[in-house]
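S.K.: Contents of protein_0.cif (mmCIF, C-alpha atoms) are given next:
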data_structure
#
loop_
_atom_site.label_atom_id
_atom_site.label_comp_id
_atom_site.auth_asym_id
_atom_site.auth_seq_id
_atom_site.Cartn_x
_atom_site.Cartn_y
_atom_site.Cartn_z
CA MET A 77 89.88 141.31 323.30
CA PRO A 78 91.45 140.66 319.90
CA THR A 79 89.01 139.87 317.09
CA PRO A 80 89.56 136.36 315.74
CA THR A 81 90.35 135.90 312.05
CA LYS A 82 87.26 135.18 309.97
CA GLY A 83 86.82 131.74 308.49
CA ALA A 84 87.92 128.26 309.37
CA ARG A 85 91.15 127.44 311.17
CA LEU A 86 93.39 125.43 308.85
CA GLY A 87 95.90 122.74 309.67
CA GLY A 88 96.87 121.58 313.11
CA SER A 89 98.80 124.53 314.49
CA PRO A 90 99.36 128.24 313.83
CA ALA A 91 102.59 127.42 312.05
CA HIS A 92 100.83 124.84 309.89
CA GLU A 93 98.14 127.38 309.02
CA ARG A 94 100.73 129.99 308.05
CA LEU A 95 102.49 127.51 305.81
CA LEU A 96 99.24 126.34 304.21
CA LEU A 97 98.19 129.89 303.40
CA ALA A 98 101.64 130.82 302.12
CA ASN A 99 101.73 127.78 299.87
CA LEU A 100 98.22 128.44 298.57
CA ALA A 101 99.09 132.09 297.82
CA THR A 102 102.29 131.07 296.05
CA GLN A 103 100.44 128.53 293.94
CA LEU A 104 97.69 131.05 293.14
CA PHE A 105 100.19 133.63 291.87
CA GLU A 106 102.08 130.99 289.93
CA HIS A 107 99.09 129.46 288.15
CA ASN A 108 96.58 132.36 288.26
CA ARG A 109 93.84 129.92 289.24
CA ILE A 110 93.80 127.00 291.65
CA LYS A 111 91.23 124.51 292.79
CA THR A 112 91.07 123.92 296.53
CA THR A 113 88.51 123.37 299.25
CA GLU A 114 85.99 126.12 299.78
CA ALA A 115 87.19 126.78 303.35
CA LYS A 116 90.78 127.24 302.18
CA ALA A 117 89.70 129.42 299.25
CA LYS A 118 87.76 131.68 301.59
CA ARG A 119 90.75 132.06 303.90
CA LEU A 120 93.08 132.61 300.97
CA ARG A 121 91.08 135.41 299.34
CA PRO A 122 91.84 138.27 301.79
CA TYR A 123 95.33 136.92 302.36
CA ALA A 124 96.22 136.94 298.66
CA GLU A 125 94.56 140.29 298.02
CA LYS A 126 96.62 141.94 300.75
CA LEU A 127 99.75 140.61 299.06
CA ILE A 128 98.59 142.06 295.74
CA THR A 129 97.99 145.40 297.45
CA LYS A 130 101.57 145.31 298.74
CA ALA A 131 102.79 144.56 295.24
CA LYS A 132 100.75 147.48 293.87
CA ASN A 133 102.22 149.73 296.58
CA ALA A 134 105.71 148.65 295.55
CA VAL A 135 105.01 149.50 291.91
CA ALA A 136 103.43 152.85 292.81
CA ALA A 137 106.33 153.74 295.12
CA GLN A 138 108.89 152.99 292.41
CA ALA A 139 106.96 155.08 289.85
CA GLN A 140 106.71 157.98 292.29
CA TYR A 141 110.42 157.72 293.09
CA GLU A 142 111.36 157.78 289.43
CA LYS A 143 109.17 160.83 288.92
CA ASP A 144 110.52 162.78 291.90
CA THR A 145 114.21 161.95 291.66
CA PRO A 146 116.34 163.20 288.76
CA GLU A 147 117.85 160.38 286.73
CA ALA A 148 121.41 161.28 287.74
CA ASP A 149 120.61 160.68 291.43
CA ARG A 150 119.07 157.28 290.79
CA THR A 151 122.34 155.36 290.53
CA ASP A 152 124.68 154.50 293.36
CA LYS A 153 128.48 154.73 293.42
CA ARG A 154 128.90 151.54 291.44
CA GLY A 155 126.42 152.64 288.79
CA ASN A 156 123.61 150.30 289.83
CA ALA A 157 120.04 151.57 289.73
CA LYS A 158 118.67 152.58 293.13
CA VAL A 159 115.37 151.21 294.32
CA ALA A 160 112.72 153.31 296.07
CA PRO A 161 112.78 152.56 299.83
CA ALA A 162 109.01 151.95 299.88
CA ASN A 163 109.38 149.57 296.95
CA LEU A 164 112.03 147.60 298.81
CA HIS A 165 109.95 147.55 301.99
CA ASN A 166 106.86 146.22 300.28
CA ARG A 167 108.90 143.66 298.39
CA ARG A 168 110.35 142.41 301.68
CA GLU A 169 106.89 142.27 303.23
CA ILE A 170 105.81 140.01 300.36
CA GLN A 171 108.94 137.90 300.71
CA LYS A 172 107.96 137.17 304.31
CA VAL A 173 105.19 135.04 302.84
CA ILE A 174 106.31 134.01 299.38
CA ARG A 175 109.75 132.48 299.50
CA ASP A 176 110.04 131.86 295.77
CA LYS A 177 111.66 134.97 294.29
CA ASP A 178 110.43 134.13 290.80
CA ILE A 179 106.86 134.33 292.05
CA VAL A 180 107.60 137.58 293.92
CA HIS A 181 108.94 139.03 290.70
CA LYS A 182 105.91 137.84 288.75
CA LEU A 183 103.61 139.32 291.38
CA ILE A 184 105.25 142.76 291.20
CA ALA A 185 106.14 142.88 287.52
CA GLU A 186 103.05 141.22 285.98
CA ILE A 187 100.16 140.85 288.38
CA ALA A 188 100.33 144.23 290.14
CA PRO A 189 100.28 146.37 286.93
CA GLN A 190 97.38 144.27 285.67
CA PHE A 191 95.34 145.37 288.71
CA ALA A 192 96.40 149.04 288.56
CA GLU A 193 92.89 150.20 287.72
CA ARG A 194 91.09 147.85 290.09
CA GLU A 195 90.43 148.94 293.67
CA GLY A 196 90.32 145.65 295.50
CA GLY A 197 88.46 142.48 294.58
CA TYR A 198 91.41 140.99 292.75
CA THR A 199 90.32 137.38 293.11
CA ARG A 200 87.17 135.46 292.35
CA ILE A 201 85.89 132.29 294.00
CA VAL A 202 83.57 129.98 292.06
CA LYS A 203 82.19 126.92 293.78
CA THR A 204 82.42 123.57 292.04
CA VAL A 205 81.02 120.14 292.73
CA PRO A 206 82.19 118.41 295.95
CA ARG A 207 85.34 116.30 295.90
CA LYS A 208 85.05 112.58 295.30
CA GLY A 209 86.23 110.65 298.33
CA ASP A 210 85.42 112.93 301.22
CA ASN A 211 82.65 115.05 299.66
CA ALA A 212 84.50 118.22 300.68
CA ALA A 213 83.09 121.42 299.16
CA MET A 214 85.51 122.52 296.44
CA ALA A 215 86.03 125.90 294.85
CA ILE A 216 88.16 127.51 292.18
CA ILE A 217 89.93 130.71 293.20
CA GLU A 218 91.40 132.78 290.39
CA LEU A 219 92.89 136.18 289.69
CA VAL A 220 90.35 138.36 287.91
CA ALA A 221 91.62 138.79 284.36
CA GLU A 222 89.05 141.28 283.09
CA GLN A 223 89.57 145.01 283.26
CA THR A 224 87.01 147.02 285.23
CA VAL A 225 84.08 148.60 283.42
CA THR A 226 85.26 152.12 284.24
CA SER A 227 88.79 151.48 283.00
CA GLU A 228 87.39 150.04 279.76
CA ALA A 229 85.23 153.13 279.32
CA ASN A 230 88.17 155.44 280.00
CA ARG A 231 90.26 153.63 277.46
CA ALA A 232 87.48 153.82 274.88
CA ARG A 233 87.23 157.56 275.50
CA LYS A 234 90.92 157.97 274.74
CA THR A 235 90.76 156.28 271.33
CA ARG A 236 90.55 158.39 268.21
CA PHE A 237 87.22 156.83 267.27
CA ALA A 238 85.43 158.50 270.17
CA LYS A 239 86.68 161.92 269.05
CA ASP A 240 85.84 161.39 265.39
CA GLU A 241 82.30 160.38 266.13
CA LYS A 242 81.69 163.47 268.23
CA ALA A 243 83.00 165.76 265.51
CA LYS A 244 80.98 163.95 262.87
CA ALA A 245 77.86 164.06 265.01
CA ALA A 246 78.23 167.81 265.48
CA ALA A 247 78.73 168.35 261.77
CA THR A 248 75.74 166.27 260.71
CA GLU A 249 73.45 167.47 263.47
CA ALA A 250 71.56 170.02 261.40
CA PRO A 251 70.84 167.85 258.34
CA ALA A 252 70.14 164.87 260.58
CA GLU A 253 67.36 166.74 262.33
CA ALA A 254 65.70 167.52 259.03
CA ALA A 255 66.07 163.92 257.97
CA ASP A 256 64.61 162.77 261.28
CA GLU A 257 61.44 164.73 260.77
CA LYS A 258 60.94 163.22 257.38
CA ALA A 259 61.89 159.75 258.64
CA SER A 260 59.56 159.75 261.63
CA ASP A 261 56.48 159.82 259.40
CA GLU A 262 57.07 156.89 257.16
CA ALA A 263 60.26 154.98 257.92
CA PRO A 264 61.69 156.01 261.32
CA TYR A 265 64.55 153.51 261.16
CA GLY A 266 65.50 153.80 257.51
CA GLU A 267 64.72 151.46 254.66
CA GLY A 268 62.58 148.43 255.51
CA SER A 269 60.92 150.07 258.51
CA HIS A 270 57.42 151.45 258.86
CA ALA A 271 55.76 153.64 261.49
CA PRO A 272 52.74 152.02 263.24
CA LEU A 273 49.29 152.54 261.78
CA GLU A 274 46.38 153.98 263.72
CA ASP A 275 45.47 150.53 264.95
CA VAL A 276 48.72 149.62 266.71
CA ASN A 277 48.15 145.89 266.42
CA GLU A 278 47.58 145.94 262.67
CA ALA A 279 50.67 145.25 260.64
CA PRO A 280 51.28 147.57 257.68
CA GLU A 281 51.25 145.84 254.32
CA GLY A 282 54.52 143.95 253.87
CA PHE A 283 55.95 144.81 257.31
CA PRO A 284 55.26 141.79 259.54
CA VAL A 285 58.12 142.18 262.09
CA LYS A 286 57.39 144.12 265.27
CA GLY A 287 60.01 146.42 266.80
CA ASN A 288 60.09 147.62 270.39
CA ALA A 289 61.93 150.96 270.51
CA ASP A 290 62.28 150.89 274.33
CA SER A 291 64.05 147.55 274.53
CA MET A 292 65.51 147.76 271.00
CA LEU A 293 64.30 144.24 270.32
CA TYR A 294 62.39 142.94 267.35
CA HIS A 295 59.91 140.09 267.26
CA THR A 296 59.11 137.94 264.26
CA PRO A 297 55.55 136.62 263.88
CA ASP A 298 56.52 133.18 265.19
CA SER A 299 58.13 134.64 268.33
CA ARG A 300 56.32 133.92 271.57
CA TYR A 301 56.52 137.60 272.49
CA TYR A 302 54.87 138.66 269.24
CA GLU A 303 51.32 138.85 270.55
CA GLN A 304 52.11 140.80 273.70
CA THR A 305 54.42 143.31 272.03
CA GLU A 306 53.07 146.70 271.11
CA ALA A 307 54.85 147.63 267.92
CA GLU A 308 56.43 151.07 267.92
CA VAL A 309 57.88 150.42 264.52
CA TRP A 310 57.36 147.71 261.91
CA PHE A 311 60.02 146.05 259.81
CA ALA A 312 59.78 144.28 256.50
CA THR A 313 62.29 141.59 257.49
CA ALA A 314 64.42 140.55 260.44
CA GLU A 315 67.50 141.72 258.51
CA ALA A 316 66.05 145.23 258.18
CA ALA A 317 65.48 145.26 261.95
CA GLU A 318 69.06 144.13 262.56
CA ALA A 319 70.31 146.86 260.26
CA ALA A 320 68.38 149.45 262.29
CA GLY A 321 70.15 148.30 265.45
CA PHE A 322 67.34 146.11 266.77
CA LYS A 323 68.12 142.73 268.26
CA LEU A 324 66.39 139.43 268.82
CA PRO A 325 65.28 138.81 272.40
CA ALA A 326 68.15 137.25 274.36
CA SER A 327 66.26 134.01 274.81
CA GLN A 328 65.95 133.54 271.07
CA GLN A 329 69.42 134.52 269.99
CA GLU A 330 70.76 131.10 270.82
CA ASP A 331 68.09 129.40 268.74
CA LYS A 332 68.90 131.58 265.80
CA ASP A 333 72.61 130.81 266.09
CA GLU A 334 71.89 127.13 266.21
CA GLU A 335 69.65 127.33 263.20
CA SER A 336 72.24 129.19 261.19
CA SER A 337 74.96 126.74 262.17
CA GLU A 338 72.71 123.87 261.19
CA ASP A 339 72.17 125.48 257.85
CA GLU A 340 75.89 125.68 257.28
CA SER A 341 76.42 122.04 258.16
CA MET B 92 82.91 105.16 334.61
CA ALA B 93 79.31 104.79 333.44
CA VAL B 94 78.72 101.58 331.53
CA PRO B 95 75.54 100.10 329.95
CA LYS B 96 73.75 97.73 332.29
CA ARG B 97 72.15 95.66 329.55
CA LYS B 98 72.85 94.65 326.02
CA MET B 99 70.91 96.84 323.60
CA SER B 100 68.35 94.70 321.78
CA ARG B 101 68.34 94.37 318.01
CA SER B 102 64.87 95.88 318.07
CA ASN B 103 66.05 98.99 319.91
CA THR B 104 69.07 99.35 317.66
CA ARG B 105 66.94 99.05 314.56
CA SER B 106 64.29 101.40 315.88
CA ARG B 107 66.94 104.04 316.45
CA ARG B 108 68.44 103.52 313.02
CA SER B 109 65.05 103.70 311.35
CA GLN B 110 65.18 107.45 311.99
CA TRP B 111 68.32 107.89 309.86
CA LYS B 112 67.11 109.63 306.72
CA THR B 113 68.65 111.25 303.73
CA THR B 114 67.37 114.21 301.79
CA ALA B 115 67.56 114.71 298.08
CA VAL B 116 70.16 117.22 296.89
CA HIS B 117 68.53 120.44 295.73
CA LEU B 118 69.18 120.70 292.00
CA VAL B 119 68.43 123.51 289.60
CA GLU B 120 68.59 123.74 285.83
CA CYS B 121 71.87 125.07 284.44
CA SER B 122 71.38 128.66 283.30
CA ASN B 123 73.34 127.98 280.12
CA ARG B 124 70.60 127.61 277.52
CA ALA B 125 72.57 125.12 275.48
CA CYS B 126 73.04 122.86 278.53
CA ARG B 127 70.03 122.97 280.88
CA GLU B 128 71.36 120.01 282.87
CA PRO B 129 70.38 119.77 286.55
CA LYS B 130 73.16 120.93 288.89
CA PRO B 131 73.50 122.04 292.53
CA GLN B 132 72.70 125.69 293.07
CA HIS B 133 75.50 128.34 293.18
CA VAL B 134 77.96 125.87 291.70
CA ALA B 135 79.76 125.87 288.35
CA CYS B 136 77.90 123.44 286.09
CA PRO B 137 79.69 120.07 286.10
CA THR B 138 78.34 119.31 282.62
CA CYS B 139 79.16 122.44 280.64
CA GLY B 140 81.61 124.14 283.05
CA GLN B 141 79.84 127.51 282.97
CA TYR B 142 78.81 129.69 285.88
CA GLY B 143 77.14 133.07 285.56
CA GLY B 144 77.68 133.11 281.80
CA ARG B 145 81.42 132.55 282.24
CA GLN B 146 83.35 129.44 281.24
CA VAL B 147 84.87 128.46 284.59
CA THR B 148 86.12 124.94 283.98
CA GLN B 149 86.61 122.63 281.08
CA PRO B 150 84.15 119.77 281.61
CA ALA B 151 85.68 116.32 281.52
#
So, in terms of structure tokens, how does the structure I just supplied come out?
M.R.:
Amino acid sequence: MPTPTKGARLGGSPAHERLLLANLATQLFEHNRIKTTEAKAKRLRPYAEKLITKAKNAVAAQAQYEKDTPEADRTDKRGNAKVAPANLHNRREIQKVIRDKDIVHKLIAEIAPQFAEREGGYTRIVKTVPRKGDNAAMAIIELVAEQTVTSEANRARKTRFAKDEKAKAAATEAPAEAADEKASDEAPYGEGSHAPLEDVNEAPEGFPVKGNADSMLYHTPDSRYYEQTEAEVWFATAEAAEAAGFKLPASQQEDKDEESSEDES
Amino acid sequence: MAVPKRKMSRSNTRSRRSQWKTTAVHLVECSNRACREPKPQHVACPTCGQYGGRQVTQPA
């Protein structure tokens, strides 16, 4: 027995459903994000992602063809550039659904390379408030614009900064160790910091700000976390803590921003 | 074809309808700290347009 398609049936007939999905996919690729009912968005997601996969296959096939075939063989008798057979096939598969050739071109030339690093999950559905009138559940479906975490990391590794830092770190390793030993006694995080006293809860003279080395957060005396925090390092001021790489707790960062913006205005 | 034998009394009609009830929509506070408006759960905030720390829509 054939497995039925997941999700709601759309429209009144199979032909109507095909047209609805094709139109939704076309609109999605044209505008990058569309607002529709949740049921339609959920049906559209796998449908659109399969089209993107076909577009990616077309791009990959063309790249492979250009790599394998010498340039002289890639033109036909009239001097026109030849297209990889797999590229053409995938393009035609897409054109079965998307009739607008401009959109097909955009899908292959713009959208597919954008998702080169991403292995599936090309779209995102976010629910929004129900529609006025019929109270239908609405959702926004959009193409994911962000690069994946791994691709970002790979790109960062390729930059010259990553290399420089490694070389510098190796060069300064020996003196840094010596400095560390000295620093750990008095000021483990440079100027404006102070190691905890024997009584952990007693602030050293002139160093009222608590630092938590595990979370890399600092707490000023008027913070609500101040009492419960066990200081691993003390700072003279919040600025000194910031300079050492410590941050305000996430819940207080907003407040601080607001305060500073108020000061400016 | 089966048809009602008697007219349904106003009392019976109203008794039946007295069981029609509505429930309050479950609302949660928006996770955006600058907004904090009540909104339905798992839905982009209609007030600030954010969901999961991402600006999803431009609020009207």
S.K.: Could you tell me how far CA of Asn163 (chain A) sits from CA of Ala117 (chain A), in Å to one decimal place?
M.R.: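 Separation of CA of Ala117 (chain A) and CA of Asn163 (chain A): 28.3 Å.
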S.K.: Determine the residue membership of the PyMOL selection byres ((chain B) within 10 of (chain A)) for the file above and supply it as a list in words.
M.R.: Arg124, Ala125, Lys130, Pro131, Gln132, His133, Val134, Ala135, Cys136, Pro137, Gly140, Tyr142, Gly143, Val147 and Thr148 of chain B
S.K.: Leaving out Glu193 (chain A) and any residue of its chain fewer than 2 positions from it, which residues lie within 9 Å of it when counting all atoms listed in the file, given as an mmCIF file with C-alpha atoms, in the coordinates of the input?
M.R.:
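part16.cif, written as the output of this step:
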data_model
loop_
_atom_site.group_PDB
_atom_site.id
_atom_site.type_symbol
_atom_site.label_atom_id
_atom_site.label_comp_id
_atom_site.auth_asym_id
_atom_site.auth_seq_id
_atom_site.Cartn_x
_atom_site.Cartn_y
_atom_site.Cartn_z
ATOM 1 C CA PRO A 189 100.280 146.370 286.930
ATOM 2 C CA GLN A 190 97.380 144.270 285.670
ATOM 3 C CA PHE A 191 95.340 145.370 288.710
ATOM 4 C CA GLU A 195 90.430 148.940 293.670
ATOM 5 C CA GLN A 223 89.570 145.010 283.260
ATOM 6 C CA THR A 224 87.010 147.020 285.230
ATOM 7 C CA THR A 226 85.260 152.120 284.240
ATOM 8 C CA SER A 227 88.790 151.480 283.000
#
S.K.: The PyMOL selection byres ((chain B and resi 120) around 9) on the file shown: which residues, as a list of chain:residue names?
M.R.: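 Applying the PyMOL selection byres ((chain B and resi 120) around 9) to the structure shown produces B:Leu118, B:Val119, B:Cys121, B:Ser122, B:Asn123, B:Cys126, B:Arg127, B:Glu128, B:Pro129, B:Lys130, B:Pro131, B:Gln132.
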S.K.: Suppose we keep C-alpha atoms; can you now write the selection as a JSON list (two decimals), in the coordinates of the input?
M.R.:
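result_20.json, freshly written:
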[["chain", "number", "residue", "atom", "x", "y", "z"],
["B", 118, "LEU", "CA", 69.18, 120.70, 292.00],
["B", 119, "VAL", "CA", 68.43, 123.51, 289.60],
["B", 121, "CYS", "CA", 71.87, 125.07, 284.44],
["B", 122, "SER", "CA", 71.38, 128.66, 283.30],
["B", 123, "ASN", "CA", 73.34, 127.98, 280.12],
["B", 126, "CYS", "CA", 73.04, 122.86, 278.53],
["B", 127, "ARG", "CA", 70.03, 122.97, 280.88],
["B", 128, "GLU", "CA", 71.36, 120.01, 282.87],
["B", 129, "PRO", "CA", 70.38, 119.77, 286.55],
["B", 130, "LYS", "CA", 73.16, 120.93, 288.89],
["B", 131, "PRO", "CA", 73.50, 122.04, 292.53],
["B", 132, "GLN", "CA", 72.70, 125.69, 293.07]]
S.K.: What would the selection look like, as a PyMOL selection string, if the PyMOL selection byres ((chain A and resi 169) around 12) were run on the coordinates I just shared?
M.R.: chain A and resi 126-131+133-134+162-168+170-175+180
S.K.: For region 95-97 of chain A, work out the shell of residues within 10 Å, counting only C-alpha atoms and skipping chain neighbours fewer than 6 positions away, then give it as a list in words.
M.R.: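 Final neighbour list, sorted by chain and number: Leu86, Gly87, Ser89, Gln103, Lys116, Ala117, Arg119, Leu120, Arg121, Tyr123, Ala124, Val173 and Ile174 of chain A.
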S.K.: Hey, can you check how far CA of Lys208 (chain A) sits from CA of Thr112 (chain A)?
M.R.: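 So the answer is 12.9 Å.
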S.K.: Could you please determine the separation between CA of Glu318 (chain A) and CA of Arg231 (chain A) in Å, to one decimal place?
M.R.: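 Going from CA of Glu318 (chain A) over to CA of Arg231 (chain A), I get 27.6 Å.
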